Each structure stands twice: as C-alpha cells, then as structure tokens.
$ cat entry-v1.txt   # compact mmCIF, C-alpha atoms and all ligand atoms
# COMPACT_ATOMS: atom_id res chain seq x y z
CA MET A 74 22.65 158.72 80.48
CA LYS A 75 25.68 160.75 79.51
CA ILE A 76 26.57 160.17 75.87
CA ASN A 77 30.25 159.90 74.90
CA TYR A 78 30.52 161.98 71.75
CA THR A 79 33.05 161.57 69.00
CA ASP A 80 34.99 164.60 67.65
CA ARG A 81 32.87 167.53 66.52
CA LEU A 82 33.24 171.05 65.13
CA CYS A 83 31.01 173.88 66.36
CA PHE A 84 29.28 175.48 63.38
CA ALA A 85 25.59 175.56 64.15
CA HIS A 86 23.81 178.08 66.37
CA LEU A 87 22.65 175.81 69.15
CA PRO A 88 20.44 175.09 70.91
CA THR A 89 17.75 175.88 68.36
CA PRO A 90 14.49 177.01 69.98
CA ILE A 91 11.37 174.95 70.57
CA GLN A 92 8.36 177.13 69.87
CA PRO A 93 4.64 176.57 70.45
CA MET A 94 2.58 176.80 67.25
CA LYS A 95 -0.64 178.06 68.83
CA ARG A 96 -2.35 179.46 65.76
CA LEU A 97 -1.42 176.41 63.68
CA THR A 98 -2.76 174.13 66.44
CA SER A 99 -6.12 175.99 66.34
CA ALA A 100 -6.25 175.80 62.55
CA PHE A 101 -5.54 172.05 62.47
CA GLU A 102 -8.18 171.55 65.22
CA GLY A 103 -6.38 168.73 66.97
CA ALA A 104 -3.18 167.78 68.77
CA LYS A 105 -1.03 170.57 70.25
CA ILE A 106 1.96 171.38 68.06
CA TRP A 107 5.46 172.62 68.93
CA MET A 108 8.25 173.19 66.46
CA LYS A 109 11.96 172.51 66.88
CA ARG A 110 13.50 175.27 64.78
CA ASP A 111 16.47 173.62 63.08
CA ASP A 112 15.98 176.13 60.28
CA TYR A 113 17.71 178.45 62.80
CA THR A 114 21.01 176.56 62.84
CA GLY A 115 22.48 179.38 60.76
CA ILE A 116 21.90 181.33 57.55
CA GLY A 117 24.24 179.90 54.91
CA VAL A 118 24.30 176.59 56.77
CA SER A 119 20.62 176.71 57.76
CA GLY A 120 18.78 173.41 58.34
CA ASN A 121 19.50 169.89 59.54
CA LYS A 122 22.59 169.13 57.45
CA ILE A 123 24.99 171.28 59.43
CA ARG A 124 24.41 169.13 62.51
CA LYS A 125 25.71 166.11 60.58
CA LEU A 126 28.50 168.16 58.98
CA GLU A 127 29.80 169.17 62.41
CA PHE A 128 30.89 165.56 62.82
CA LEU A 129 31.72 164.71 59.21
CA LEU A 130 33.89 167.77 58.68
CA ALA A 131 35.67 167.21 62.01
CA GLU A 132 36.88 163.93 60.51
CA ALA A 133 37.69 165.66 57.20
CA GLN A 134 39.72 168.29 59.03
CA LYS A 135 41.57 165.65 61.03
CA LYS A 136 42.53 164.02 57.72
CA GLN A 137 43.81 167.41 56.49
CA THR A 138 41.34 167.44 53.64
CA ASP A 139 41.82 169.80 50.70
CA VAL A 140 38.58 168.97 48.85
CA VAL A 141 35.21 167.86 50.21
CA ILE A 142 33.12 165.98 47.67
CA THR A 143 29.40 165.35 48.05
CA CYS A 144 26.23 165.00 45.97
CA GLY A 145 22.53 165.74 45.81
CA GLY A 146 19.71 167.14 43.71
CA ILE A 147 20.26 170.43 41.89
CA GLN A 148 18.56 172.20 44.83
CA SER A 149 20.21 170.06 47.51
CA ASN A 150 20.24 171.68 50.94
CA HIS A 151 22.96 169.29 52.00
CA ALA A 152 25.23 170.23 49.08
CA ARG A 153 24.70 173.93 49.84
CA ALA A 154 25.43 173.55 53.57
CA THR A 155 28.57 171.54 52.68
CA ALA A 156 29.77 174.24 50.27
CA VAL A 157 29.24 176.95 52.90
CA ALA A 158 30.90 175.00 55.73
CA ALA A 159 33.83 173.97 53.50
CA ALA A 160 34.39 177.62 52.55
CA LYS A 161 34.52 178.54 56.22
CA LEU A 162 37.13 175.82 56.83
CA GLY A 163 39.24 176.88 53.86
CA MET A 164 38.50 173.67 51.94
CA LYS A 165 37.39 173.39 48.33
CA SER A 166 33.97 171.82 47.72
CA HIS A 167 33.10 169.71 44.71
CA LEU A 168 29.41 168.87 44.25
CA VAL A 169 27.89 166.19 42.02
CA LEU A 170 24.42 167.56 41.29
CA ASN A 171 21.54 165.78 39.62
CA GLY A 172 20.47 168.37 37.06
CA SER A 173 21.37 170.40 34.03
CA ARG A 174 24.07 173.05 33.72
CA THR A 175 21.45 175.26 32.01
CA VAL A 176 19.04 175.36 34.96
CA ALA A 177 18.41 178.78 36.61
CA ARG A 178 21.07 179.75 39.16
CA ASP A 179 18.54 180.10 41.90
CA GLY A 180 18.01 179.04 45.53
CA ASN A 181 20.61 176.61 46.86
CA LEU A 182 22.44 176.42 43.52
CA MET A 183 23.04 180.16 43.57
CA ILE A 184 24.66 179.81 47.01
CA ASP A 185 26.79 176.84 45.87
CA LEU A 186 28.16 179.03 43.08
CA LEU A 187 28.64 181.97 45.43
CA MET A 188 30.81 179.68 47.60
CA ASP A 189 32.84 178.82 44.47
CA ALA A 190 31.92 175.14 44.67
CA GLU A 191 33.01 173.16 41.66
CA ILE A 192 29.97 171.43 40.19
CA THR A 193 29.70 168.27 38.12
CA TYR A 194 26.21 168.23 36.58
CA VAL A 195 24.87 164.72 35.90
CA THR A 196 21.71 163.18 34.46
CA PRO A 197 19.31 161.21 36.69
CA GLU A 198 20.64 157.97 35.15
CA GLU A 199 24.23 158.95 35.93
CA TYR A 200 23.26 160.18 39.40
CA ALA A 201 22.09 156.67 40.34
CA ASP A 202 25.80 155.81 40.36
CA ASN A 203 26.77 158.82 42.50
CA LEU A 204 29.08 156.86 44.82
CA ASN A 205 31.25 155.72 41.92
CA ILE A 206 31.22 159.17 40.33
CA MET A 207 32.42 160.71 43.61
CA ALA A 208 35.05 157.99 44.03
CA GLY A 209 36.34 158.80 40.52
CA ILE A 210 36.52 162.53 41.29
CA ALA A 211 38.33 161.79 44.59
CA HIS A 212 40.78 159.57 42.69
CA ASP A 213 41.55 162.42 40.25
CA TYR A 214 42.24 164.85 43.14
CA ARG A 215 44.49 162.30 44.83
CA ARG A 216 46.48 161.93 41.63
CA GLN A 217 47.07 165.71 41.84
CA GLY A 218 48.44 165.21 45.36
CA LYS A 219 45.31 166.53 47.12
CA THR A 220 43.45 164.96 50.02
CA ALA A 221 39.80 164.34 49.16
CA TYR A 222 36.99 163.48 51.58
CA VAL A 223 33.74 162.02 50.24
CA ILE A 224 30.46 162.61 52.08
CA PRO A 225 27.53 160.42 50.96
CA GLU A 226 24.16 161.87 49.91
CA GLY A 227 22.56 163.85 52.73
CA GLY A 228 25.55 163.20 55.01
CA SER A 229 23.60 160.09 55.97
CA ASN A 230 26.05 157.60 57.40
CA ALA A 231 26.96 156.48 60.92
CA LEU A 232 29.24 159.48 61.54
CA GLY A 233 26.66 161.99 60.27
CA ALA A 234 23.98 160.37 62.46
CA TRP A 235 25.85 161.72 65.51
CA GLY A 236 24.42 165.13 64.58
CA TYR A 237 20.90 164.03 65.40
CA VAL A 238 21.95 162.02 68.44
CA ALA A 239 23.25 165.36 69.73
CA ALA A 240 20.09 167.15 68.53
CA LEU A 241 17.90 164.76 70.50
CA ASP A 242 20.13 165.16 73.55
CA GLU A 243 19.79 168.95 73.25
CA THR A 244 16.01 168.67 72.85
CA MET A 245 15.57 166.38 75.84
CA GLN A 246 17.36 168.94 78.01
CA GLN A 247 15.11 171.71 76.71
CA LEU A 248 11.97 169.65 77.33
CA GLN A 249 13.14 168.90 80.85
CA GLU A 250 13.99 172.53 81.61
CA THR A 251 10.57 173.72 80.42
CA ASP A 252 8.68 170.77 81.86
CA LEU A 253 7.15 170.04 78.47
CA ARG A 254 6.06 166.42 78.04
CA ILE A 255 5.54 165.51 74.42
CA ASP A 256 3.93 162.34 73.08
CA LEU A 257 5.34 162.27 69.57
CA MET A 258 8.06 163.70 67.34
CA ILE A 259 7.74 163.95 63.57
CA CYS A 260 10.39 164.71 60.94
CA ALA A 261 10.87 164.47 57.20
CA VAL A 262 12.97 161.60 55.83
CA GLY A 263 14.96 162.13 52.62
CA SER A 264 18.13 160.08 52.99
CA GLY A 265 17.49 158.66 56.47
CA GLY A 266 20.33 160.10 58.55
CA THR A 267 18.29 162.59 60.57
CA TYR A 268 15.71 159.99 61.53
CA ALA A 269 18.40 157.38 62.25
CA GLY A 270 20.24 159.83 64.53
CA LEU A 271 17.03 160.64 66.41
CA GLN A 272 16.23 156.97 66.92
CA ILE A 273 19.78 156.14 68.03
CA GLY A 274 19.60 159.08 70.45
CA ALA A 275 16.21 157.88 71.69
CA THR A 276 17.74 154.46 72.38
CA LEU A 277 20.71 155.94 74.25
CA LEU A 278 18.53 158.31 76.26
CA ASP A 279 15.71 155.81 76.73
CA VAL A 280 12.94 158.23 75.70
CA ASN A 281 9.32 157.30 76.26
CA PHE A 282 7.65 158.84 73.20
CA GLU A 283 7.43 157.74 69.59
CA ILE A 284 9.34 159.28 66.70
CA TRP A 285 7.73 159.10 63.28
CA GLY A 286 9.50 159.82 60.00
CA VAL A 287 7.60 160.94 56.91
CA ASN A 288 9.34 159.71 53.77
CA VAL A 289 9.39 162.25 50.93
CA CYS A 290 10.65 159.73 48.37
CA ASP A 291 10.92 155.92 48.01
CA ASP A 292 8.83 153.99 50.56
CA ALA A 293 8.67 152.69 54.14
CA PRO A 294 10.44 149.33 53.54
CA PHE A 295 13.28 151.17 51.76
CA PHE A 296 13.85 153.64 54.61
CA THR A 297 13.33 151.07 57.33
CA LYS A 298 16.30 149.24 55.83
CA VAL A 299 18.39 152.41 55.39
CA VAL A 300 17.80 153.55 58.99
CA ASP A 301 18.52 150.07 60.33
CA GLN A 302 21.79 149.94 58.35
CA ILE A 303 22.92 153.36 59.65
CA ALA A 304 22.06 152.42 63.25
CA SER A 305 23.77 149.03 62.97
CA GLU A 306 26.90 150.66 61.53
CA PHE A 307 26.78 153.25 64.33
CA LYS A 308 26.62 150.47 66.92
CA LYS A 309 29.54 148.67 65.28
CA ARG A 310 31.77 151.74 64.89
CA TYR A 311 30.99 153.84 67.94
CA TYR A 312 28.69 152.24 70.49
CA PRO A 313 28.89 148.44 70.84
CA ASP A 314 26.64 148.63 73.93
CA LEU A 315 23.81 150.34 72.01
CA ASP A 316 20.65 148.30 72.54
CA TRP A 317 19.41 148.94 69.00
CA GLN A 318 15.93 147.53 68.24
CA HIS A 319 14.96 147.95 64.61
CA ASN A 320 11.25 147.69 65.47
CA ARG A 321 11.41 151.24 66.91
CA ILE A 322 11.52 152.54 63.33
CA LYS A 323 8.20 154.01 62.22
CA ILE A 324 8.18 155.43 58.72
CA ILE A 325 4.84 156.97 57.79
CA ASP A 326 4.34 156.21 54.12
CA GLY A 327 1.76 157.75 51.81
CA PHE A 328 2.92 161.36 51.62
CA VAL A 329 5.37 161.26 48.72
CA GLY A 330 2.47 162.73 46.72
CA LYS A 331 3.37 163.49 43.11
CA GLY A 332 6.96 162.37 43.70
CA TYR A 333 10.28 163.61 45.05
CA GLY A 334 10.56 167.36 44.60
CA LEU A 335 7.08 167.61 43.08
CA SER A 336 4.29 169.41 44.91
CA SER A 337 0.52 168.99 45.02
CA GLN A 338 -1.76 171.99 45.54
CA GLU A 339 -2.60 170.71 49.04
CA GLU A 340 1.10 170.75 49.99
CA ILE A 341 1.55 174.27 48.66
CA ASP A 342 -1.57 175.37 50.56
CA VAL A 343 -0.25 174.06 53.88
CA ILE A 344 3.07 175.88 53.33
CA LYS A 345 1.09 179.11 52.78
CA GLN A 346 -1.11 178.35 55.78
CA LEU A 347 1.89 177.98 58.11
CA ALA A 348 3.53 181.12 56.71
CA ARG A 349 0.40 183.20 57.22
CA LEU A 350 -0.48 181.83 60.67
CA GLU A 351 2.96 181.60 62.25
CA GLY A 352 5.39 183.51 60.01
CA VAL A 353 7.40 180.28 59.55
CA LEU A 354 8.82 179.25 56.16
CA VAL A 355 8.96 175.56 55.27
CA ASP A 356 10.18 174.13 51.98
CA PRO A 357 8.21 172.25 49.32
CA VAL A 358 10.54 169.21 49.09
CA TYR A 359 10.89 168.06 52.72
CA THR A 360 9.33 170.03 55.56
CA GLY A 361 6.25 171.07 53.54
CA LYS A 362 5.44 167.43 52.79
CA ALA A 363 6.02 166.46 56.44
CA LEU A 364 3.75 169.30 57.54
CA PHE A 365 1.04 168.18 55.14
CA ALA A 366 1.43 164.70 56.62
CA LEU A 367 1.02 166.11 60.14
CA LYS A 368 -2.16 167.94 59.14
CA SER A 369 -3.59 164.82 57.44
CA LEU A 370 -2.68 162.52 60.36
CA ILE A 371 -4.43 164.88 62.77
CA HIS A 372 -7.52 165.13 60.55
CA ARG A 373 -7.64 161.35 60.06
CA GLY A 374 -7.50 160.83 63.83
CA ASP A 375 -4.17 158.98 63.58
CA ILE A 376 -2.85 161.51 66.08
CA ALA A 377 -5.38 161.96 68.88
CA ILE A 378 -6.58 165.41 69.96
CA ASP A 379 -5.02 165.15 73.44
CA LYS A 380 -1.48 164.52 72.09
CA LYS A 381 1.46 166.90 72.17
CA VAL A 382 3.56 166.79 69.02
CA LEU A 383 7.02 168.17 68.33
CA PHE A 384 7.52 168.85 64.63
CA TRP A 385 11.14 169.09 63.43
CA HIS A 386 11.66 172.02 61.11
CA THR A 387 14.73 170.74 59.31
CA GLY A 388 15.20 173.81 57.08
CA GLY A 389 15.23 174.10 53.30
CA VAL A 390 14.09 177.71 52.94
CA PHE A 391 16.22 178.43 49.86
CA SER A 392 14.38 175.88 47.75
CA LEU A 393 11.21 177.98 48.07
CA PHE A 394 12.62 180.51 45.60
CA PRO A 395 12.99 178.33 42.48
CA LYS A 396 9.41 177.12 43.16
CA ARG A 397 7.94 180.62 43.32
CA ASP A 398 5.57 179.99 40.41
CA LEU A 399 3.70 177.31 42.37
CA PHE A 400 2.62 179.80 45.00
CA PHE A 401 0.90 182.62 43.15
C1 LIG B 1 15.24 170.57 54.58
C2 LIG B 1 15.43 169.11 54.77
N1 LIG B 1 14.66 168.47 55.65
C3 LIG B 1 14.77 167.12 55.82
C4 LIG B 1 15.67 166.38 55.11
C5 LIG B 1 15.73 164.92 55.37
O1 LIG B 1 16.83 164.58 56.13
P1 LIG B 1 17.61 163.21 55.86
O2 LIG B 1 18.25 163.33 54.50
O3 LIG B 1 18.59 163.14 56.94
O4 LIG B 1 16.60 162.11 55.87
C6 LIG B 1 16.51 167.01 54.18
C7 LIG B 1 17.49 166.29 53.35
O5 LIG B 1 17.31 165.25 52.79
C8 LIG B 1 16.39 168.41 54.01
O6 LIG B 1 17.18 169.07 53.14
$ encode --input "entry-v1.txt" --output "structure tokens"
Amino acid sequence: MKINYTDRLCFAHLPTPIQPMKRLTSAFEGAKIWMKRDDYTGIGVSGNKIRKLEFLLAEAQKKQTDVVITCGGIQSNHARATAVAAAKLGMKSHLVLNGSRTVARDGNLMIDLLMDAEITYVTPEEYADNLNIMAGIAHDYRRQGKTAYVIPEGGSNALGAWGYVAALDETMQQLQETDLRIDLMICAVGSGGTYAGLQIGATLLDVNFEIWGVNVCDDAPFFTKVVDQIASEFKKRYYPDLDWQHNRIKIIDGFVGKGYGLSSQEEIDVIKQLARLEGVLVDPVYTGKALFALKSLIHRGDIAIDKKVLFWHTGGVFSLFPKRDLFF
C-alpha cells in the first residue's frame, strides 16, 4: 500500500542501514539478530527523535514559529535533537528539563547549551506538570509577540508518530530489496511514539511479523494505553480508514530494572559486550535496557533459536558520557 504522508522536512540521513550482528548472535547463542541503525540518522540529531521532528517541525515552520518549546530529563535525547534541529531552522529552542542547574554540563545537556537553548530547570515534582509549564512559557512568548510551538515529551503525539510510520515503510523496502524475512522487531519504549508509529505503519503496510516494545519506565498497561491513544488520535486526524486494532500492542514488561535512568550491572555488561563484539554504542537509559531484554528473552527461550530479529537502535550515544563511572 502506498502511504499518503503529511508534510515533512528532510533532516535525517536516510535510509539508515540494517546490519547483521553476527558476533552478537553467536554470543547470545540463539535467534539471529540484525540492527536497524537509527543512531546513524545524524550526529547532532542522532537517534529516533529526528524522525518525529521532521514532521513536527514541518508544522512549526508552517506556523512561522519563532520558539520551539519541549521537555525531557536532564539528559533528554529528544530535547537535544530538538535544540539542534531548531538551530538549523533558525528558531530559538526553550527546554524544560527535569534536573538541577548545578548538574555537570555533560552529554546531551552540553549540546543543548552549545545550541544556545534556553533552559528552565525543574524539580521532579514540578516536571510532572510539564504540559502546563510549557503552556505558561508559550503564553509568555506570545505576549512578547512571538510565535511559540510546543512539542510534548519525546515528540510522542499523532504527528510525531508519522516519523516511525515512515521508518517502517523505509525498513520494509530494505527488507524486500535484500530478501530478508524477519520474524520479530524489538524497540525501546520511553514515551510511546516510536512504538506507536511502528504499529501504525505495520497496520497500514499489513506486515506479518510481531513488533515488541520494551518499556524502560512505567509499565505495560500504562504504555498500552499511551500507544492506543496516539494511534487513535492518528486515525482521527490523518487516516480515518486505518484499521487500528489495539490488541496488536505488545509491551514486554519486566526490564525497567532499578528504574528509569538507573542501570544494573547486567545492563552495563551487555552495553560493554555489544561494544566489544560489534563496535556499536548503545545508551544506558533506552537501547541498553532493550538490548538486555533481548538477551534475556533469547536465554529464557521466549524468542526461539530459529527466529530472525530486527533490533531498533534508536540512538542515545551522548548519554553514555555522564554515566562513565558505571563502566570502569
Ligand atoms: C535513545 C532513545 N531510544 C528510545 C527512546 C524511546 O522512544 P519513545 O520515546 O518514542 O518511546 C528514546 C526516547 O524516549 C530515546 O531517547
């Protein structure tokens, strides 16, 4: 089926490659693993968020936006990619970050500052109300005669989901061209938009394999609801004919570990293992947890030995640096 896309900017280096992970496959002693390298979407904009921002910022540009406002953790990949993309478009970025002004200017935060993003630092309690905080900031800009555009956490709304509809479309073409038949896709789930986009794309393209999402915070019922809401909104706004079935959603719970942004030794070990076997860098907050989940699911027999798995590398490399002490 040919998908009718909504307006989009071209920021990311696409298509990102699909690479076989032969040495990792041998080490995990099970299913064959390939990796979709969305860490290659760019350098400043590296990772999954730029795919969503291609659509979100197209709308922002159409509205002649002066300031893009978004939010995230102090090491948010999404906030960093937004700051970089906004700079490129000549827009100001204003980030609401969950963390202290005194924290080290490292990793993603260093890049936010390099891009001259304005930052409002908030406590975890304040951050829970991030939508209202961003609405207040937008209101202040509007009073100064500026146009403000608010992007929700992770760029995870119906418009942002288009990024991963397009990513699935791109991947299906690659699989077809290389005659690679996979049985399963796996990705990390942090705010739900990537997984929602993949599942919407899978519905539109009628794919015949499963897509599992590994939640790195909250739990399966929470994300099942979030993904269903994004997909339902997508259907309402863009694709009334979408045959959305919420029972396609499969969130694999049990890998939050010590909590959001916190790492166990086993998670750190699998990040080192991948680096040393394949020369690939995954992050401790998202892709490292999803990779640990993949390893555990293979070892538990939840993914059979004869399966072919495509693992989405959704980026996050800069958040390795502030966590350097966990590795050595
Ligand atoms: C590197 C990385 N991978 C995966 C995710 C999860 O994507 P989503 O927020 O769309 O669920 C995020 C962001 O949350 C991320 O920064």
$ residues_near_ligand --input "entry-v1.txt" --ligand "ligand LIG 1 (chain B)" --cutoff "6 Å" --atoms "only C-alpha atoms and all ligand atoms" --output "ChimeraX atom specification"
/A:120,150-151,227,229,261-267,359-360,387-389
$ closest_residue --input "entry-v1.txt" --among "A:Asp185, A:Asp139, A:Glu340, A:Asp375" --to "Gly218 of chain A" --atoms "all atoms listed in the file"
A:Asp139
$ atom_distance --input "entry-v1.txt" --atom1 "atom CA of Trp317 of chain A" --atom2 "atom CA of Ala234 of chain A"
13.9 Å
$ closest_residue --input "entry-v1.txt" --among "A:Asp379, A:Asp213, A:Asp179, A:Glu127" --to "Leu162 of chain A" --atoms "all atoms listed in the file"
A:Glu127
$ atom_distance --input "entry-v1.txt" --atom1 "atom CA of Cys260 of chain A" --atom2 "atom CA of Gly352 of chain A"
19.5 Å
$ residues_near_point --input "entry-v1.txt" --point "(20.2, 176.5, 47.1)" --cutoff "10 Å" --atoms "all atoms listed in the file" --output "list in words"
Gly117, Gly146, Ile147, Gln148, Ser149, Asn150, His151, Ala152, Arg153, Ala154, Arg178, Asp179, Gly180, Asn181, Leu182, Met183, Ile184, Asp185, Leu186, Gly389, Val390, Phe391, Ser392, Leu393, Phe394 and Pro395 of chain A
$ atom_distance --input "entry-v1.txt" --atom1 "atom CA of Leu271 of chain A" --atom2 "atom CA of Cys83 of chain A"
19.3 Å
$ closest_residue --input "entry-v1.txt" --among "A:Gly172, A:Pro225, A:Gly236, A:Gly145" --to "Pro197 of chain A" --atoms "all atoms listed in the file"
A:Gly172
$ residues_around --input "entry-v1.txt" --residues "Ser336 of chain A" --least-positions-apart "5" --cutoff "10 Å" --atoms "only C-alpha atoms" --output "PDB file with C-alpha atoms, in the frame of the given file"
ATOM      1  CA  VAL A 329       5.370 161.260  48.720  1.00  0.00           C
ATOM      2  CA  GLY A 330       2.470 162.730  46.720  1.00  0.00           C
ATOM      3  CA  LYS A 331       3.370 163.490  43.110  1.00  0.00           C
ATOM      4  CA  ILE A 341       1.550 174.270  48.660  1.00  0.00           C
ATOM      5  CA  PRO A 357       8.210 172.250  49.320  1.00  0.00           C
ATOM      6  CA  VAL A 358      10.540 169.210  49.090  1.00  0.00           C
ATOM      7  CA  GLY A 361       6.250 171.070  53.540  1.00  0.00           C
ATOM      8  CA  LYS A 362       5.440 167.430  52.790  1.00  0.00           C
ATOM      9  CA  LYS A 396       9.410 177.120  43.160  1.00  0.00           C
ATOM     10  CA  LEU A 399       3.700 177.310  42.370  1.00  0.00           C
TER      11      LEU A 399
END
$ closest_residue --input "entry-v1.txt" --among "A:Arg321, A:His386, A:Arg96, A:Lys309" --to "Lys122 of chain A" --atoms "all atoms listed in the file"
A:His386
$ closest_residue --input "entry-v1.txt" --among "A:Asn288, A:Asn281, A:Thr155, A:Ser369" --to "Met245 of chain A" --atoms "all atoms listed in the file"
A:Asn281
$ axis_aligned_box --input "entry-v1.txt" --around "segment 121-125 of chain A" --padding-each-side "4 Å" --output "AutoDock Vina command-line options"
--center_x 22.6 --center_y 168.7 --center_z 60.0 --size_x 14.2 --size_y 13.2 --size_z 13.1
$ closest_residue --input "entry-v1.txt" --among "A:Ile284, A:Met74, A:Val355, A:Met207" --to "Gln246 of chain A" --atoms "only C-alpha atoms"
A:Met74
$ residues_around --input "entry-v1.txt" --residues "Ala100 of chain A" --least-positions-apart "5" --cutoff "12 Å" --atoms "all atoms listed in the file" --output "PyMOL selection string"
chain A and resi 94-95+105-106+343+346-347+349-351+368+371-372
$ residues_around --input "entry-v1.txt" --residues "Arg254 of chain A" --least-positions-apart "6" --cutoff "10 Å" --atoms "all atoms listed in the file" --output "compact mmCIF listing (two decimals) with C-alpha atoms, in the frame of the given file"
# COMPACT_ATOMS: atom_id res chain seq x y z
CA MET A 245 15.57 166.38 75.84
CA LEU A 248 11.97 169.65 77.33
CA ASN A 281 9.32 157.30 76.26
CA PHE A 282 7.65 158.84 73.20
CA LYS A 380 -1.48 164.52 72.09
CA LYS A 381 1.46 166.90 72.17
CA VAL A 382 3.56 166.79 69.02
CA LEU A 383 7.02 168.17 68.33
$ residues_around --input "entry-v1.txt" --residues "segment 113-115 of chain A" --least-positions-apart "4" --cutoff "7 Å" --atoms "all atoms listed in the file" --output "PyMOL selection string"
chain A and resi 85-87+89+119-120
